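These notes concern the structure reproduced below.
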Amino acid sequence: RTSRSRRGEKMSDFGIFIKQQNEDIEKEILDLKKKTVLQIMKRLTAHRRFTGSTPVKTGRAITNWIMNEKTPSRDFDWDDKSQNAMSKAMGKLNSLSTFDIVYISNNLSYIDYIMNQGHSKQTPPNSIELTIAEVVAIMENS
């Protein structure tokens, strides 16, 4: 049995099987990518619910976690204190592609100070690394 490929060439049953396997693998990769991004964003933006979550004084730090594909975001919003970074990230999930890199960034000048250097009583030092380690453990066990 044969069918036509996109280029009009005939495909054998084996070719069809390989094509389907590739599509299935790409779907699994994309699903894993989405789950990983969601877990990271969930932990960074869920104040006091996880070890490395972003501390809240004004809401700026949480709001400025930005998920972007292909290039890291250089943006930040000093005035937005809505803490809606998670909903913004979820809005971008369906447009993610399988193999492009996802960047999660926060461009506030003091984010390293409060998240990694231990200058917040709400969050332990190296909170970003702790968050990544937690997500890796979750993904390995799922």
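Convention: chains lettered A, B, ... in structure tokens order; per-chain residue numbering from 1; ligands numbered from 1 as shown.
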Write out as JSON lines the residues of range 3-78 of chain A that have any atom within 9 Å of an atom of range 121-126 of chain A, one row each with the nearest atom pair and its distance in Å to one decimal, counting only C-alpha atoms, sorted by chain and then rising number.
```
{"residue": "A:His47", "atom": "CA", "partner": "A:Gln122", "partner_atom": "CA", "distance": 8.9}
{"residue": "A:Arg48", "atom": "CA", "partner": "A:Gln122", "partner_atom": "CA", "distance": 7.5}
{"residue": "A:Thr51", "atom": "CA", "partner": "A:Thr123", "partner_atom": "CA", "distance": 7.1}
{"residue": "A:Gly52", "atom": "CA", "partner": "A:Thr123", "partner_atom": "CA", "distance": 6.1}
{"residue": "A:Ser53", "atom": "CA", "partner": "A:Thr123", "partner_atom": "CA", "distance": 6.8}
{"residue": "A:Thr54", "atom": "CA", "partner": "A:Thr123", "partner_atom": "CA", "distance": 6.9}
{"residue": "A:Pro55", "atom": "CA", "partner": "A:Gln122", "partner_atom": "CA", "distance": 5.5}
{"residue": "A:Val56", "atom": "CA", "partner": "A:Gln122", "partner_atom": "CA", "distance": 8.0}
```
Which of range 37-124 of chain A fall in strand (DSSP E or B), as a list in words: Ile66, Met67, Asn68, Glu69, Val102, Tyr103, Ile104 and Ser105 of chain A
Nearby residues (only C-alpha atoms) at most 10 Å from Val136 in chain A, same-chain spacing under 4 positions excluded, as a ChimeraX atom specification: /A:36,39-40,130-132,140-141
Non-local contacts of Lys81 in chain A (7 Å; only C-alpha atoms; under 4 positions in same chain excluded) as a ChimeraX atom specification: /A:58-60,63
Interatomic distance, CA of Trp78 in chain A to CA of Ile66 in chain A (Å, one decimal):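 Those two atoms sit 13.3 Å apart.
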Minimum-distance residue to Gly91 in chain A, chosen among A:Arg43, A:Ile62, A:Met67, A:Ser73 (using only C-alpha atoms):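 Answer, going by the shortest atom-to-atom distance: A:Met67.
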Atomic separation - CA of Ala85 in chain A relative to CA of Lys35 in chain A, Å: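 Straight-line distance from CA of Lys35 in chain A to CA of Ala85 in chain A works out to 16.1 Å.
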DSSP-assigned alpha helix (DSSP H) members of range 24-116 of chain A, reported as a PyMOL selection string: chain A and resi 24-45+60-63+85-92+111-115
Proximity to Lys34 in chain A - best of A:Phe50, A:Phe76, A:Phe99, A:Phe14, only C-alpha atoms: A:Phe99
Shortest interatomic distance to Ser95 in chain A - which of A:Asp112, A:Glu26, A:Glu69, A:Asp13, counting only C-alpha atoms: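 Closest residue, counting only C-alpha atoms: A:Glu69.
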Residue neighbourhood Leu96 in chain A, 9 Å, only C-alpha atoms, exclusion window fewer than 4 positions, as JSON, numbers by chain: {"A": [30, 33, 34, 69, 92, 100, 102]}
Residue selection dump (C-alpha atoms) as a PDB file, in the first residue's frame:
```
ATOM      1  CA  LEU A  30       5.773  19.497  23.029  1.00  0.00           C
ATOM      2  CA  LYS A  33       7.790  21.213  27.213  1.00  0.00           C
ATOM      3  CA  LYS A  34       4.403  22.692  28.146  1.00  0.00           C
ATOM      4  CA  GLU A  69       9.966  31.498  23.064  1.00  0.00           C
ATOM      5  CA  LYS A  92       1.185  31.634  25.221  1.00  0.00           C
ATOM      6  CA  ASP A 100      12.350  26.270  19.964  1.00  0.00           C
ATOM      7  CA  VAL A 102      11.607  28.711  25.992  1.00  0.00           C
TER       8      VAL A 102
END
```
Residue nearest Met115 in chain A among A:Ile101, A:Val135, A:Ile128, A:Ala89 (counting only C-alpha atoms):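 Of all the options, A:Ile128 lies closest to Met115 in chain A.
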Nearest residue to Asn64 in chain A from the set A:Leu32, A:Val37, A:Ile25, A:Met86 (distances using only C-alpha atoms):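 Using only C-alpha atoms, Asn64 in chain A sits closest to A:Met86.
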